[in-house]
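See structure below.
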Amino acid sequence: MRAFTYQRATSAVEAATAAQRTPGARFIAGGTNLLDLMKLEIETPGHLVDVNDLGFDRIDATPGGGLRVGALVRNTDLAADPRVRRDYGVLSRALLAGASGQLRNKATTAGNLLQRTRCAYFYDTNQPCNKRVPGSGCSAIGGASRQHAVIGVSAACIATHPSDMAVAMRLLDAGVETVRANGATRVIPIADFYRPPGDTPHIETVLEAGELITGVTLPPPLGGVHVYRKVRDRASYAFALVSVAAVVQPDGSGRVALGGVAHQPWRMAAADSQLAQGATAVAATLLAGARPTHDNAFKITLAERTLAAVLLDARDDVREHRSKQA
Amino acid sequence: MNDFSEIKISRRGLLKAGAALGSVPALGLAQTASGDTAAAAAAPVMAKVSFTVNGQLRQLEVDTRTTLLDVLRERLQLTGTKKGCDHGQCGACTILLDGRRINACLSLAVMHEGAQITTIEGLGTPARLHPMQAAFIRHDGYQCGYCTPGQICSAVAVLDEIKRGVPSHASASLTEQPLLSADEIRERMSGNLCRCGAYSNIVDAISEVGGQS
């Protein structure tokens with residue numbers, strides 16, 4: 001690990017200002033991803049701004065009937081919050097499907113959104129990687145790419161975003177609240193938060209230099225049946241090959257999002273509107289224009305089949321719910 | 001003891017600097033205008049931190065890069081906490097931080113001012129074993145024993161999490177009290193790997209202690 005200076009920020013603007021003014025500075029909260037990358041010298045910040053004292057560790061009801069989740073709320077606490085368990089079950093389920101108990105105790109809401117890809121070539125500093133060293137090339141294209149993205153890819157990068165939580169956040173139309181060094185705040189819809197890889201896969205979000213995430217807003221509860229289904233190489237503590245997040249209403253309408261297939265959670269309004277027509281139609285719309293590799297073409301079939309399983313589960317749950325009410 | 005630690009750290013520092021210098025040309029990383037490999041030459045930064053470990057206040061000055069794990073093992077000689085992968089994947093370094101289990105390897109010491117830390121040494125002693133330690137012995141929940149301190153710290157926290165009603169991926173319902181089932185224990189313990197494969201005995205040990213409390 002390279003040497004760095006360390007600062008505990010006492011206000012969000014102080015943190016944002018320090019991060020903007022100090023070249024190579026990074027915020028640190030849980031540190032579970034950043035320290036891993038620093039040990040491998042994939043991340044080499046010269047200055048760390050610790051944001052743990054900023055008080056963004058509450059989950060509050062919003063006037064609009066939703067929730068505001070502080071950026072520092074730990075993954076364990078977000079998954080276990082009674083309001084999240086009752087009204088945003090897909091978010092609890094997605095969080096609980098990710099990482100380990102130890103990691104979830106440290107990992108934060110904002111850090112989860114900003115975690116880096118687990119592409120093996122991004123992690124291997126002996127290999128070219130456009131995300132790690134811009135312009136050096138992509139080793140995954142033509143390499144071992146079983147885990148990689150099948151859609152939204154570019155000629156420069158086929159890495160996936162590894163988060164489960166972000167898939168549920170995308171499904172729920174969450175908003176990402178930020179503050180900048182000049183004190184200006186904004187809410188970025190999560191649909192606009194991640195940048196497609198294009199020629200600059202090292203720039204992953206629309207956040208500006210020094211811009212600090214302060215919280216995530218959730219719109220009012222959707223009702224319906226909430227499902228998060230994750231398919232992976234082992235039953236626990238592994239990243240998704242494919243995951244499906246869904247909220248399905250009693251009338252069969254609803255929304256779906258995929259994880260493990262792209263640089264960001266993958267959702268399309270046109271696919272949501274086809275939910276009543278079944279998994280084949282939904283998958284065809286979601287994955288139209290997919291560019292899988294030889295190694296990961298199975299993800300197209302897997303996504304459709306996982307969608308089918310999720311829609312069946314949801315229909316059963318709706319029926320069960322109705323029979324309980326009757 | 002302290003002198004020995006200092007020698008070890010400086011030897012490590014030398015090795016680190018050598019490795020970094022050696023890798024720079026190969027990686028083609030940016031150099032400064034003068035051609036120096038500035039990053040490799042960056043001087044260590046020291047910082048003070050104090051926290052409580054197993055009931056004892058510890059005041060330290062550490063290189064900012066030092067993980068909580070390395071402080072416990074190399075500075076405080078609490079070598080019960082083990083370094084396995086050093087990347088949060090194996091769970092051998094699991095400790096309790098303010099009562100919650102974390103990977104000590106993925107945490108910087110300087111970030112824990114005022115924290116309460118419990119390691120395996122603080123859970124029990126050879127003369128007064130923690131019930132979980134006694135159960136691991138009774139059920140033969142290990143072979144080589146390297147992952148065991150992490151398994152035991154994790155297991156103690158798992159029972160607390162179930163008691164507090166924290167759900168898991170294995171919980172059928174998000175809103176009902178989770179069960180103390182083998183499925184629940186296996187899922188909740190998935191962040192602790194055991195190369196010897198003592199898993200079934202570990203589950204038995206945890207089930208027994210959970211059933212008693």
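In the structure tokens, the first chain shown is A, the next is B, and so on; residue numbers restart at 1 for each chain, and ligands run from 1 in the order shown.
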_Shell of 10 Å around Gly101 in chain A, only C-alpha atoms, local chain residues under 4 positions omitted, as a ChimeraX atom specification_ = /A:75-76,96,105-106,237 /B:91,100-103,154,157-158,161,168,187-192
*Step one, run DSSP on the backbone; step two, keep only residues of range 102-168 of chain A assigned to helix (DSSP H, G or I); then write them as a list of chain:residue names.*
A:Gln102, A:Leu103, A:Arg104, A:Asn105, A:Lys106, A:Thr109, A:Ala110, A:Gly111, A:Asn112, A:Leu113, A:Leu114, A:Ala120, A:Tyr121, A:Phe122, A:Tyr123, A:Met165, A:Ala166, A:Val167, A:Ala168
Those same residues - N, CA, C and O atoms - I'd like them written as an mmCIF file, in the first residue's frame.
```
data_model
loop_
_atom_site.group_PDB
_atom_site.id
_atom_site.type_symbol
_atom_site.label_atom_id
_atom_site.label_comp_id
_atom_site.auth_asym_id
_atom_site.auth_seq_id
_atom_site.Cartn_x
_atom_site.Cartn_y
_atom_site.Cartn_z
ATOM 1 N N GLN A 102 -19.774 -10.053 8.048
ATOM 2 C CA GLN A 102 -18.714 -9.143 8.488
ATOM 3 C C GLN A 102 -18.642 -7.914 7.582
ATOM 4 O O GLN A 102 -18.502 -6.781 8.047
ATOM 5 N N LEU A 103 -18.681 -8.144 6.273
ATOM 6 C CA LEU A 103 -18.564 -7.032 5.325
ATOM 7 C C LEU A 103 -19.781 -6.123 5.386
ATOM 8 O O LEU A 103 -19.660 -4.897 5.346
ATOM 9 N N ARG A 104 -20.973 -6.715 5.514
ATOM 10 C CA ARG A 104 -22.193 -5.895 5.568
ATOM 11 C C ARG A 104 -22.223 -5.002 6.817
ATOM 12 O O ARG A 104 -22.847 -3.956 6.814
ATOM 13 N N ASN A 105 -21.547 -5.438 7.883
ATOM 14 C CA ASN A 105 -21.484 -4.613 9.094
ATOM 15 C C ASN A 105 -20.667 -3.343 8.888
ATOM 16 O O ASN A 105 -20.818 -2.364 9.613
ATOM 17 N N LYS A 106 -19.760 -3.349 7.945
ATOM 18 C CA LYS A 106 -18.886 -2.202 7.673
ATOM 19 C C LYS A 106 -19.346 -1.413 6.446
ATOM 20 O O LYS A 106 -19.296 -0.190 6.435
ATOM 21 N N THR A 109 -24.067 2.461 2.537
ATOM 22 C CA THR A 109 -24.990 2.613 1.418
ATOM 23 C C THR A 109 -24.297 3.292 0.230
ATOM 24 O O THR A 109 -24.381 2.814 -0.908
ATOM 25 N N ALA A 110 -23.603 4.398 0.501
ATOM 26 C CA ALA A 110 -22.936 5.113 -0.593
ATOM 27 C C ALA A 110 -21.768 4.303 -1.144
ATOM 28 O O ALA A 110 -21.573 4.229 -2.357
ATOM 29 N N GLY A 111 -21.016 3.671 -0.246
ATOM 30 C CA GLY A 111 -19.874 2.875 -0.683
ATOM 31 C C GLY A 111 -20.300 1.705 -1.547
ATOM 32 O O GLY A 111 -19.618 1.348 -2.515
ATOM 33 N N ASN A 112 -21.444 1.112 -1.217
ATOM 34 C CA ASN A 112 -21.958 0.006 -2.020
ATOM 35 C C ASN A 112 -22.230 0.466 -3.450
ATOM 36 O O ASN A 112 -21.869 -0.215 -4.418
ATOM 37 N N LEU A 113 -22.830 1.644 -3.595
ATOM 38 C CA LEU A 113 -23.108 2.177 -4.938
ATOM 39 C C LEU A 113 -21.819 2.412 -5.722
ATOM 40 O O LEU A 113 -21.793 2.280 -6.937
ATOM 41 N N LEU A 114 -20.742 2.799 -4.988
ATOM 42 C CA LEU A 114 -19.496 3.212 -5.646
ATOM 43 C C LEU A 114 -18.464 2.095 -5.731
ATOM 44 O O LEU A 114 -17.346 2.327 -6.182
ATOM 45 N N ALA A 120 -11.526 -9.830 -13.044
ATOM 46 C CA ALA A 120 -10.228 -10.366 -12.615
ATOM 47 C C ALA A 120 -9.066 -9.602 -13.254
ATOM 48 O O ALA A 120 -7.976 -9.527 -12.683
ATOM 49 N N TYR A 121 -9.291 -9.028 -14.428
ATOM 50 C CA TYR A 121 -8.213 -8.291 -15.104
ATOM 51 C C TYR A 121 -8.043 -6.890 -14.511
ATOM 52 O O TYR A 121 -6.945 -6.337 -14.519
ATOM 53 N N PHE A 122 -9.125 -6.330 -13.995
ATOM 54 C CA PHE A 122 -9.029 -5.059 -13.266
ATOM 55 C C PHE A 122 -8.181 -5.273 -12.013
ATOM 56 O O PHE A 122 -7.390 -4.412 -11.617
ATOM 57 N N TYR A 123 -8.318 -6.448 -11.406
ATOM 58 C CA TYR A 123 -7.605 -6.770 -10.167
ATOM 59 C C TYR A 123 -6.156 -7.195 -10.406
ATOM 60 O O TYR A 123 -5.359 -7.190 -9.490
ATOM 61 N N MET A 165 -27.278 -4.473 -4.070
ATOM 62 C CA MET A 165 -28.090 -3.379 -3.543
ATOM 63 C C MET A 165 -28.502 -2.395 -4.631
ATOM 64 O O MET A 165 -29.654 -1.941 -4.684
ATOM 65 N N ALA A 166 -27.547 -2.070 -5.520
ATOM 66 C CA ALA A 166 -27.825 -1.078 -6.560
ATOM 67 C C ALA A 166 -28.937 -1.553 -7.502
ATOM 68 O O ALA A 166 -29.688 -0.733 -8.041
ATOM 69 N N VAL A 167 -29.063 -2.868 -7.691
ATOM 70 C CA VAL A 167 -30.103 -3.401 -8.580
ATOM 71 C C VAL A 167 -31.475 -3.104 -7.975
ATOM 72 O O VAL A 167 -32.401 -2.665 -8.668
ATOM 73 N N ALA A 168 -31.591 -3.323 -6.659
ATOM 74 C CA ALA A 168 -32.853 -3.010 -5.975
ATOM 75 C C ALA A 168 -33.103 -1.501 -5.966
ATOM 76 O O ALA A 168 -34.232 -1.048 -6.161
#
```
*Contacts of Asp124 in chain A within 12 Å, only C-alpha atoms, excl. fewer than 6 positions in-chain, as a list of chain:residue names*: A:Leu37, A:Leu40, A:Glu41, A:Ile42, A:Arg118, A:Lys131, A:Arg132, A:Val133, A:Cys138, A:Ser139, A:Ala140, B:Leu27
Find the spatial neighbours of range 127-131 of chain B, counting only C-alpha atoms, within a cut-off of 12 Å - ignore same-chain residues fewer than 5 positions away - and output them as a short mmCIF file (atom, residue, chain, number, x, y, z; two decimals) with C-alpha atoms, in the first residue's frame.
```cif
data_model
loop_
_atom_site.label_atom_id
_atom_site.label_comp_id
_atom_site.auth_asym_id
_atom_site.auth_seq_id
_atom_site.Cartn_x
_atom_site.Cartn_y
_atom_site.Cartn_z
CA THR B 119 -10.58 -10.36 20.03
CA ILE B 120 -10.54 -14.10 20.68
CA GLU B 121 -8.23 -13.40 23.66
CA GLY B 122 -10.96 -11.21 25.16
CA PHE B 136 -15.87 -25.92 19.39
CA ILE B 137 -13.62 -28.20 21.45
CA ARG B 138 -16.49 -30.52 22.40
CA PRO B 149 -10.52 -17.69 16.29
CA ILE B 152 -15.61 -18.34 17.06
CA CYS B 153 -15.79 -14.52 17.03
CA ALA B 155 -20.27 -17.42 15.70
CA VAL B 156 -20.71 -15.35 18.87
CA ALA B 205 -21.12 -26.28 18.06
CA ILE B 206 -22.98 -23.07 17.21
CA SER B 207 -26.38 -24.83 17.33
CA GLU B 208 -25.60 -26.17 20.79
CA VAL B 209 -24.57 -22.78 22.22
CA GLY B 210 -27.53 -21.10 20.52
CA GLY B 211 -29.89 -23.66 22.00
CA GLN B 212 -28.58 -23.02 25.50
CA SER B 213 -28.90 -19.24 25.43
#
```
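For the choices B:Met132, B:Thr81, B:Asp183, B:Thr52, the atom-to-atom distance to Leu97 in chain B is smallest for B:Thr52 when using only C-alpha atoms.
When the distance limit is 8 Å and only C-alpha atoms are what count, the residues near Thr44 in chain A, minus those fewer than 5 positions from it on the same chain, are Met1, Arg2, Gly24 and Met38 of chain A.
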*Pairwise distance for CA of Leu95 in chain A and CA of Ala16 in chain A, rounded to one decimal in Å*: 27.3 Å
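Ranking B:Ser181, B:Thr118, B:Asn201, B:Thr64 by their shortest atom-to-atom distance to chain A, with only C-alpha atoms included, puts B:Thr64 first.
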*8 Å contact set for Arg186 in chain A, only C-alpha atoms, chain neighbours under 4 positions out, as number ranges by chain*: A: 177-179
_Residue neighbourhood Thr200 in chain A, 9 Å, only C-alpha atoms, exclusion window fewer than 4 positions, as a PyMOL selection string_ = chain A and resi 130-131+134-135+156-157+196+204
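Interatomic distance, CA of Asn296 in chain A against CA of Thr280 in chain A: 18.8 Å.
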_Contact residues (chain A, partner chain B, 8 Å, only C-alpha atoms) as a PyMOL selection string_ = chain A and resi 1-6+30-32+35-36+50+79-80+82+85-86+89+92-93+96-97+99-103+105-106+125-126+236-237
How would the residues just picked look written out with C-alpha atoms as a JSON list (two decimals), in the first residue's frame?
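The result, written out as again.json:
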```json
[["chain", "number", "residue", "atom", "x", "y", "z"],
["A", 1, "MET", "CA", 0.00, 0.00, 0.00],
["A", 2, "ARG", "CA", 1.27, 3.50, -0.82],
["A", 3, "ALA", "CA", 1.65, 6.04, 1.98],
["A", 4, "PHE", "CA", -1.19, 8.53, 2.41],
["A", 5, "THR", "CA", -2.20, 11.39, 4.65],
["A", 6, "TYR", "CA", -5.41, 11.00, 6.61],
["A", 30, "GLY", "CA", -16.54, 1.39, 5.38],
["A", 31, "GLY", "CA", -13.33, 0.86, 3.43],
["A", 32, "THR", "CA", -14.13, -2.75, 2.57],
["A", 35, "LEU", "CA", -8.63, -0.87, 1.28],
["A", 36, "ASP", "CA", -8.73, -4.11, -0.69],
["A", 50, "ASP", "CA", -12.69, 9.80, 6.49],
["A", 79, "ALA", "CA", -31.40, -4.61, 5.40],
["A", 80, "ALA", "CA", -32.66, -5.01, 8.98],
["A", 82, "PRO", "CA", -38.25, -2.69, 10.02],
["A", 85, "ARG", "CA", -38.19, -5.11, 5.57],
["A", 86, "ARG", "CA", -41.91, -4.32, 5.45],
["A", 89, "GLY", "CA", -38.46, -6.10, 0.76],
["A", 92, "SER", "CA", -33.52, -6.04, 2.13],
["A", 93, "ARG", "CA", -33.28, -9.21, 0.04],
["A", 96, "LEU", "CA", -28.72, -9.89, 2.33],
["A", 97, "ALA", "CA", -27.73, -11.69, -0.89],
["A", 99, "ALA", "CA", -21.11, -10.15, 0.66],
["A", 100, "SER", "CA", -20.76, -11.65, 4.17],
["A", 101, "GLY", "CA", -22.08, -10.69, 7.60],
["A", 102, "GLN", "CA", -18.71, -9.14, 8.49],
["A", 103, "LEU", "CA", -18.56, -7.03, 5.33],
["A", 105, "ASN", "CA", -21.48, -4.61, 9.09],
["A", 106, "LYS", "CA", -18.89, -2.20, 7.67],
["A", 125, "THR", "CA", -1.99, -5.30, -12.18],
["A", 126, "ASN", "CA", 0.13, -7.36, -14.59],
["A", 236, "SER", "CA", -23.58, -17.81, -0.46],
["A", 237, "TYR", "CA", -20.87, -15.16, -0.48]]
```
*asked:* DSSP on the backbone, strand (DSSP E or B) only: what residues of range 140-241 of chain A does that give? Format it as a PyMOL selection string.
replied: chain A and resi 175-179+185-189+194+205+212-218+225-231
_Nearest to Leu193 in chain B, chosen from B:Leu179, B:Leu76, B:Ile162, B:Cys93, with only C-alpha atoms counted in the distances_ = B:Cys93
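Using only C-alpha atoms, the smallest distance between any of B:Ala109, B:Ala92, B:Leu69, B:Ala134 and Arg195 in chain B comes from B:Ala92.
Between Phe51 in chain B and the residues B:Ala172, B:Cys147, B:Leu123, B:Leu72, the shortest atom-to-atom distance, using only C-alpha atoms, involves B:Leu72.
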